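Below is structure-v3.txt, which holds compact mmCIF, C-alpha atoms and all ligand atoms.
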```txt
# COMPACT_ATOMS: atom_id res chain seq x y z
CA MET A 289 8.71 -29.27 -15.75
CA GLN A 290 6.51 -26.26 -16.37
CA VAL A 291 7.67 -22.98 -14.91
CA ILE A 292 5.34 -20.01 -14.77
CA GLU A 293 7.04 -16.69 -14.34
CA ALA A 294 6.51 -13.24 -15.71
CA GLY A 295 8.24 -10.05 -16.68
CA LEU A 296 7.58 -6.56 -15.45
CA SER A 297 6.17 -4.78 -18.48
CA ALA A 298 2.51 -3.91 -17.87
CA LYS A 299 1.51 -1.29 -20.42
CA GLY A 300 -2.25 -0.76 -20.43
CA LYS A 301 -2.72 -2.05 -16.86
CA LYS A 302 -4.11 0.23 -14.19
CA PHE A 303 -2.47 0.83 -10.81
CA ALA A 304 -3.68 2.62 -7.68
CA ILE A 305 -1.09 3.87 -5.20
CA VAL A 306 -2.43 4.56 -1.71
CA VAL A 307 -0.20 6.95 0.20
CA ALA A 308 -0.36 7.49 3.96
CA ARG A 309 0.36 11.12 4.82
CA PHE A 310 1.86 10.37 8.27
CA ASN A 311 5.67 10.69 8.10
CA SER A 312 5.16 12.26 4.68
CA PHE A 313 8.80 13.32 4.34
CA ILE A 314 9.58 9.59 4.01
CA VAL A 315 6.44 8.40 2.23
CA GLU A 316 6.74 10.98 -0.56
CA SER A 317 10.10 9.41 -1.48
CA LEU A 318 8.46 5.98 -1.53
CA LEU A 319 5.84 7.42 -3.87
CA ASP A 320 8.51 8.85 -6.17
CA GLY A 321 10.17 5.43 -6.29
CA ALA A 322 6.90 3.63 -7.00
CA VAL A 323 5.85 5.97 -9.82
CA ASP A 324 9.32 5.88 -11.36
CA THR A 325 9.34 2.06 -11.37
CA LEU A 326 5.82 1.78 -12.82
CA LYS A 327 6.70 4.13 -15.66
CA ARG A 328 10.32 3.28 -16.39
CA VAL A 329 10.29 -0.48 -15.69
CA GLY A 330 6.63 -1.31 -16.27
CA ASN A 331 6.02 1.06 -19.21
CA VAL A 332 2.84 2.13 -17.45
CA ASP A 333 1.24 5.33 -18.75
CA ASP A 334 0.86 8.29 -16.41
CA ALA A 335 -2.90 8.24 -17.09
CA ASP A 336 -3.10 4.66 -15.78
CA ILE A 337 -1.75 5.59 -12.34
CA THR A 338 -4.08 6.92 -9.63
CA VAL A 339 -2.66 8.28 -6.37
CA VAL A 340 -4.95 8.23 -3.33
CA ARG A 341 -3.85 10.08 -0.18
CA ILE A 342 -5.07 9.04 3.26
CA PRO A 343 -4.14 10.04 6.85
CA GLY A 344 -1.99 7.18 8.15
CA ALA A 345 -1.01 3.53 7.89
CA PHE A 346 -3.95 2.51 10.09
CA GLU A 347 -6.32 3.75 7.36
CA LEU A 348 -4.55 1.90 4.54
CA PRO A 349 -6.60 -1.34 4.73
CA LEU A 350 -9.96 0.45 4.40
CA ALA A 351 -8.79 2.56 1.47
CA VAL A 352 -7.25 -0.47 -0.21
CA GLN A 353 -10.48 -2.43 0.32
CA LYS A 354 -12.60 0.31 -1.25
CA ILE A 355 -10.27 0.54 -4.24
CA ALA A 356 -10.25 -3.24 -4.69
CA ALA A 357 -14.05 -3.31 -4.55
CA SER A 358 -14.23 -0.74 -7.37
CA LYS A 359 -12.71 -3.35 -9.73
CA GLN A 360 -11.08 -0.51 -11.66
CA TYR A 361 -7.46 -1.52 -11.04
CA ASP A 362 -5.15 -4.42 -11.84
CA ALA A 363 -3.05 -3.89 -8.71
CA ILE A 364 -2.77 -1.64 -5.68
CA ILE A 365 0.41 -0.39 -4.04
CA ALA A 366 0.13 0.60 -0.37
CA LEU A 367 2.74 3.06 0.89
CA GLY A 368 3.40 4.25 4.42
CA ALA A 369 6.00 4.57 7.15
CA VAL A 370 5.42 3.38 10.69
CA ILE A 371 8.29 4.49 12.91
CA ARG A 372 8.57 3.14 16.46
CA GLY A 373 8.03 5.71 19.21
CA GLY A 374 8.18 5.42 22.96
CA THR A 375 4.96 3.45 23.53
CA PRO A 376 3.39 0.22 22.17
CA HIS A 377 1.48 2.33 19.60
CA PHE A 378 3.78 1.12 16.82
CA GLU A 379 2.73 -2.52 17.28
CA TYR A 380 -0.96 -1.71 16.92
CA VAL A 381 -0.64 0.54 13.87
CA ALA A 382 1.84 -1.70 12.05
CA GLY A 383 0.01 -4.90 13.00
CA GLU A 384 -3.45 -3.80 11.89
CA CYS A 385 -2.08 -2.26 8.72
CA THR A 386 -0.25 -5.43 7.69
CA LYS A 387 -3.08 -7.77 8.61
CA GLY A 388 -5.74 -5.62 6.96
CA ILE A 389 -3.87 -5.26 3.69
CA ALA A 390 -3.22 -9.00 3.50
CA GLN A 391 -6.91 -9.70 4.16
CA VAL A 392 -8.01 -7.43 1.31
CA MET A 393 -5.55 -9.05 -1.08
CA MET A 394 -6.94 -12.51 -0.31
CA GLN A 395 -10.58 -11.36 -0.26
CA TYR A 396 -10.39 -9.80 -3.72
CA GLY A 397 -7.69 -11.94 -5.34
CA LEU A 398 -5.99 -8.72 -6.36
CA PRO A 399 -2.28 -7.98 -6.01
CA VAL A 400 -1.71 -5.49 -3.19
CA SER A 401 1.94 -4.61 -2.66
CA PHE A 402 3.10 -3.85 0.85
CA GLY A 403 5.28 -0.76 0.61
CA VAL A 404 4.93 0.15 4.24
CA LEU A 405 8.12 0.68 6.22
CA THR A 406 7.95 -0.65 9.78
CA VAL A 407 11.16 0.63 11.30
CA GLU A 408 12.86 1.36 14.62
CA SER A 409 14.10 4.83 13.76
CA ILE A 410 13.96 7.73 11.33
CA GLU A 411 17.45 6.72 10.18
CA GLN A 412 16.21 3.26 9.17
CA ALA A 413 13.32 4.89 7.32
CA ILE A 414 15.60 7.26 5.41
CA GLU A 415 17.87 4.37 4.42
CA ARG A 416 14.88 2.58 2.83
CA ALA A 417 13.34 5.59 1.12
CA GLY A 418 15.81 6.10 -1.68
CA THR A 419 19.21 5.98 -0.01
CA LYS A 420 21.55 3.15 0.96
CA MET A 421 18.97 0.35 1.32
CA GLY A 422 17.18 1.26 -1.90
CA ASN A 423 13.64 2.49 -2.26
CA LYS A 424 10.95 0.21 -0.84
CA GLY A 425 8.29 2.09 -2.81
CA GLY A 426 10.04 1.12 -6.02
CA GLU A 427 10.34 -2.48 -4.82
CA ALA A 428 6.64 -2.59 -4.01
CA ALA A 429 5.82 -1.30 -7.49
CA SER A 430 8.08 -3.92 -9.02
CA SER A 431 6.26 -6.67 -7.09
CA ALA A 432 2.91 -5.32 -8.27
CA LEU A 433 4.06 -5.38 -11.90
CA GLU A 434 5.28 -8.96 -11.60
CA MET A 435 2.15 -10.18 -9.79
CA VAL A 436 -0.17 -8.65 -12.39
CA ASN A 437 1.68 -10.56 -15.10
CA VAL A 438 1.97 -13.83 -13.15
CA LEU A 439 -1.71 -13.87 -12.21
CA ALA A 440 -2.64 -13.37 -15.86
CA GLN A 441 -1.00 -16.75 -16.55
CA LEU A 442 -2.59 -18.75 -13.73
N1 LIG B 501 2.27 6.57 14.32
C1 LIG B 501 2.04 6.41 13.01
C2 LIG B 501 0.77 6.55 12.46
N2 LIG B 501 -0.26 6.86 13.27
C3 LIG B 501 -1.51 7.36 12.78
C4 LIG B 501 -2.46 6.25 12.41
O1 LIG B 501 -2.04 5.60 11.22
C5 LIG B 501 -3.86 6.80 12.17
O2 LIG B 501 -3.84 7.71 11.11
C6 LIG B 501 -4.43 7.50 13.39
O3 LIG B 501 -4.36 6.67 14.52
C7 LIG B 501 -5.91 7.88 13.16
O4 LIG B 501 -6.70 6.74 12.89
N3 LIG B 501 0.55 6.40 11.14
C8 LIG B 501 1.59 6.10 10.30
O5 LIG B 501 1.41 5.96 9.06
N4 LIG B 501 2.86 5.97 10.81
C9 LIG B 501 3.09 6.11 12.14
O6 LIG B 501 4.29 5.98 12.55
C1 LIG B 502 3.64 4.59 15.41
C2 LIG B 502 4.37 5.02 16.61
O1 LIG B 502 4.79 4.21 17.36
C3 LIG B 502 4.63 6.44 16.89
O2 LIG B 502 4.46 7.35 15.87
C4 LIG B 502 3.88 6.87 18.10
O3 LIG B 502 4.80 7.37 18.99
P1 LIG B 502 4.67 7.14 20.58
O4 LIG B 502 4.70 5.64 20.79
O5 LIG B 502 5.91 7.80 21.12
O6 LIG B 502 3.40 7.77 21.00
```

As structure tokens, please, write out the structure in this file.
Ligand SMILES: Nc1c(NC[C@H](O)[C@H](O)[C@H](O)CO)[nH]c(=O)[nH]c1=O
Ligand SMILES: CC(=O)[C@@H](O)COP(=O)(O)O
Amino acid sequence: MQVIEAGLSAKGKKFAIVVARFNSFIVESLLDGAVDTLKRVGNVDDADITVVRIPGAFELPLAVQKIAASKQYDAIIALGAVIRGGTPHFEYVAGECTKGIAQVMMQYGLPVSFGVLTVESIEQAIERAGTKMGNKGGEAASSALEMVNVLAQL
């Protein structure tokens, strides 16, 4: 049996983090978690991390696509927070964001981590942005580190 798996150290690799500004009080904590994981777990240098800010989760796929097309990065981490309101708006924003990011990942064969919260309430968002349910930005960064290293072996 051959097993291909990889660690998380990715010194010398380049990462772009795309940050949606909508619900920024949550997303900034996801960004903190992602940067901390890249540096502390992945040994990634500060100079190898680029942060790109955009308006909202709906814009994430286009920004991610443009970054992937630049061929300057080994992985992209998409961060945002879509919080359900009183109308069906949530379904459209979250749906297009998810679908679009997945499409870019497949189109370019580049790891794109999905660090976008899609939650029912602000409380659920807070829990996932560095409190009792962990930090989903950090988890997305961890997935990006692992995928960069796994893909290098395939
Ligand atoms: N409601 C949320 C949005 N809405 C804004 C859209 O993402 C987009 O910026 C706007 O429609 C202009 O194209 N964005 C989030 O990130 N989170 C939300 O909960
Ligand atoms: C993404 C959303 O659902 C939310 O921000 C929009 O709120 P609403 O549905 O109350 O307009």

- Which residues form the shell of 7 Å around ligand LIG 502 (chain B) when you count only C-alpha atoms and all ligand atoms, given as JSON, numbers by chain? {"A": [370, 371, 372, 373, 374, 375, 376, 377, 378, 381]}

Show me a table, sorted first by chain and then by increasing residue number, of the residues of chain A having an atom at most 9 Å from ligand LIG 501 (chain B), each with its shortest atom pair and the distance in Å to one decimal, counting all atoms listed in the file and written as CSV.
```
residue,atom,partner,partner_atom,distance
A:Ala308,CA,B:LIG501,O5,5.6
A:Arg309,CA,B:LIG501,O5,6.8
A:Phe310,CA,B:LIG501,O5,4.5
A:Asn311,CA,B:LIG501,N4,6.1
A:Ser312,CA,B:LIG501,O5,8.5
A:Val315,CA,B:LIG501,O5,8.8
A:Ile342,CA,B:LIG501,O2,8.1
A:Pro343,CA,B:LIG501,O2,4.9
A:Gly344,CA,B:LIG501,O1,3.5
A:Ala345,CA,B:LIG501,O5,3.6
A:Phe346,CA,B:LIG501,O1,3.8
A:Glu347,CA,B:LIG501,O2,6.0
A:Leu348,CA,B:LIG501,O1,8.0
A:Leu367,CA,B:LIG501,O5,8.8
A:Gly368,CA,B:LIG501,O5,5.3
A:Ala369,CA,B:LIG501,N4,5.0
A:Val370,CA,B:LIG501,O6,3.4
A:Ile371,CA,B:LIG501,O6,4.3
A:Arg372,CA,B:LIG501,O6,6.5
A:Gly373,CA,B:LIG501,N1,7.6
A:His377,CA,B:LIG501,N1,6.8
A:Phe378,CA,B:LIG501,N1,6.2
A:Val381,CA,B:LIG501,O1,5.9
A:Ala382,CA,B:LIG501,N4,7.8
A:Cys385,CA,B:LIG501,O1,8.2
A:Val404,CA,B:LIG501,O5,8.3
A:Leu405,CA,B:LIG501,N4,8.8
A:Thr406,CA,B:LIG501,O6,8.1
A:Val407,CA,B:LIG501,O6,8.8
```

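Picture a line from CA of Ile292 (chain A) to CA of Gln441 (chain A); it runs 7.3 Å.
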
- Using all atoms listed in the file, the shortest atom-to-atom distance to Gly295 (chain A) among A:Asn437, A:Gln395, A:Asn331, A:Gln412 belongs to A:Asn437

- Item | Spatial neighbours of Ile364 (chain A), max dist 7 Å, all atoms listed in the file, sep filter under 5 positions, as a ChimeraX atom specification | /A:303-305,399-401

- Task: Using CA of Ala298 (chain A) and CA of Ala417 (chain A) as the two end points, give the distance in Å to one decimal.
- Result: 23.8 Å

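Each of A:Ser317, A:Ile389, A:Ala366, A:Thr325 was checked against Val340 (chain A) using all atoms listed in the file; the smallest atom-to-atom distance is that of A:Ala366.
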
- Task: Show me as a ChimeraX atom specification the residues that reach within 12 Å of (9.3, 7.5, -11.7), counting all atoms listed in the file and using the file's own coordinates.
- Result: /A:316-334,337,423,425-426,429-430

Would you save the residues of that selection, restricted to C-alpha atoms, as a JSON list (two decimals), in the coordinates of the input?
```
[["chain", "number", "residue", "atom", "x", "y", "z"],
["A", 316, "GLU", "CA", 6.74, 10.98, -0.56],
["A", 317, "SER", "CA", 10.10, 9.41, -1.48],
["A", 318, "LEU", "CA", 8.46, 5.98, -1.53],
["A", 319, "LEU", "CA", 5.84, 7.42, -3.87],
["A", 320, "ASP", "CA", 8.51, 8.85, -6.17],
["A", 321, "GLY", "CA", 10.17, 5.43, -6.29],
["A", 322, "ALA", "CA", 6.90, 3.63, -7.00],
["A", 323, "VAL", "CA", 5.85, 5.97, -9.82],
["A", 324, "ASP", "CA", 9.32, 5.88, -11.36],
["A", 325, "THR", "CA", 9.34, 2.06, -11.37],
["A", 326, "LEU", "CA", 5.82, 1.78, -12.82],
["A", 327, "LYS", "CA", 6.70, 4.13, -15.66],
["A", 328, "ARG", "CA", 10.32, 3.28, -16.39],
["A", 329, "VAL", "CA", 10.29, -0.48, -15.69],
["A", 330, "GLY", "CA", 6.63, -1.31, -16.27],
["A", 331, "ASN", "CA", 6.02, 1.06, -19.21],
["A", 332, "VAL", "CA", 2.84, 2.13, -17.45],
["A", 333, "ASP", "CA", 1.24, 5.33, -18.75],
["A", 334, "ASP", "CA", 0.86, 8.29, -16.41],
["A", 337, "ILE", "CA", -1.75, 5.59, -12.34],
["A", 423, "ASN", "CA", 13.64, 2.49, -2.26],
["A", 425, "GLY", "CA", 8.29, 2.09, -2.81],
["A", 426, "GLY", "CA", 10.04, 1.12, -6.02],
["A", 429, "ALA", "CA", 5.82, -1.30, -7.49],
["A", 430, "SER", "CA", 8.08, -3.92, -9.02]]
```

- Note on the structure: Lys302 (chain A) proximity check over A:Ile314, A:Asp336, A:Lys387, A:Ala351, using all atoms listed in the file: winner is A:Asp336

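Candidate residues A:Lys354, A:Lys299, A:Arg416, A:Lys424 were compared for distance to Met393 (chain A), and the nearest is A:Lys354, using all atoms listed in the file.
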
- Query: Can you tell me how far CA of Thr338 (chain A) sits from CA of Met394 (chain A), in Å to one decimal?
  - Reply: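 Pair CA of Thr338 (chain A) / CA of Met394 (chain A) returns 21.7 Å.
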
Produce the centre coordinates and the three edge lengths, each in Å to one decimal, of the box along x, y and z that contains all listed atoms of region 405-419 of chain A with 6 Å added on each side, as JSON.
```
{"center_x": 13.6, "center_y": 3.5, "center_z": 6.5, "size_x": 23.3, "size_y": 20.4, "size_z": 28.3}
```

- Rank nothing, just name the residue among A:Tyr361, A:Phe402, A:Tyr380, A:Tyr396 nearest to Val436 (chain A), using all atoms listed in the file. A:Tyr361
